[in-house]
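Engineer: To start, I am sharing the structure in question, which I have written as structure tokens.
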Amino acid sequence: MATGIPNRIHFCFGLWDPPSEFTFAHYLAVKSAWAVNRPEEITLSYAHAPGGKWWERVQQYATLHRIKLRTHVFDQPLHHFAHRAGVFRVKHLMEHGGIYLDMDTLCLRPFTPLLHYECVMGHQNPGGLCDATILAAPRSLFMRRWWNEYQWFRSKGHDEFWDEHATGVPYQLAKLPALKGAIHRMRRTAFFYPHPTEIDVLFEKEDLSGFKDSYSVHLWETISGPTLFQMAPERIREGKSAYCQLARRFVTDEES
């Protein structure tokens, strides 16, 4: 029986070969999670190590855990790293519990008020709960049901089923009477403000009022990457955008 969410944070990276660059923005995802939440531990699971300066430096906050690259789930092929990451997070949280965060996340305030629930997710849109941030107790009912749904996983790439198991399946499960009380749903502003169609709110505008209820921010790197991955320490220190203002507290003179 699930008894609460442990203050342990999990990330994953390098689920494709060769891995992409581990940038300063990725480093800040881990550092902000550590600074804001003071977790019992942070684990960063990877199949292929990217190397580089920020990969080396992130190890002062996270314990690296090498994993075998998963290519199938319930005999269904996983063609894309995003689907491999989706399978990883659901299975890992089902077994171990804790807080899963995508690598394009920035933590703003502690998740502590949410840890007494059995499972917590946030809305990305009216018909979807997004798997980029998940809080779950070990062996929680919701995560076990979600894992079982992967038996009929379907996707070959960027097709009509691209995010079916990442957003649609948890949303549909959350509506089942049998799972009432098994998951606590948060408004979009808790984890996913701004919407991916509003990236300018992060990188062009300066207003922080929309983040007043945010525990964390998802940076939507598949869309914002050309801007996000250019965010060096100096640029964040001097920048006026919402992202620069939010990230600046985690940038010290040691980062250069």
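A note on labels: chains of the structure tokens are A, B, ... as shown, every chain counts residues from 1, and ligands are counted from 1 in their shown order.
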Got a sec: who's within 10 Å of segment 22-39 of chain A, counting only C-alpha atoms, leaving out chain neighbours fewer than 4 positions off, as a ChimeraX atom specification?
Structural biologist: /A:6-11,13-14,43-44,49-62,98-99,101-112,215-219,221,225,228-233,247-251,255-256
Engineer: For each of A:Cys244, A:Val73, A:Leu64, A:Met121, take the minimum atom-to-atom distance to Lys205 of chain A, counting only C-alpha atoms, then give the residue where this is smallest.
Structural biologist: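 For Lys205 of chain A, the nearest of the candidates is A:Cys244.
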Engineer: Please report the interatomic distance between atom CA of His79 of chain A and atom CA of Leu173 of chain A in Å with one decimal.
Structural biologist: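 Atom-to-atom, atom CA of His79 of chain A and atom CA of Leu173 of chain A are spaced 24.6 Å apart.
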Engineer: Looking at A:Arg188, A:Arg237, A:His48, A:Arg70, which one is nearest to Gly86 of chain A, with distances taken over only C-alpha atoms?
Structural biologist: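 Using only C-alpha atoms, the shortest distance to Gly86 of chain A belongs to A:Arg70.
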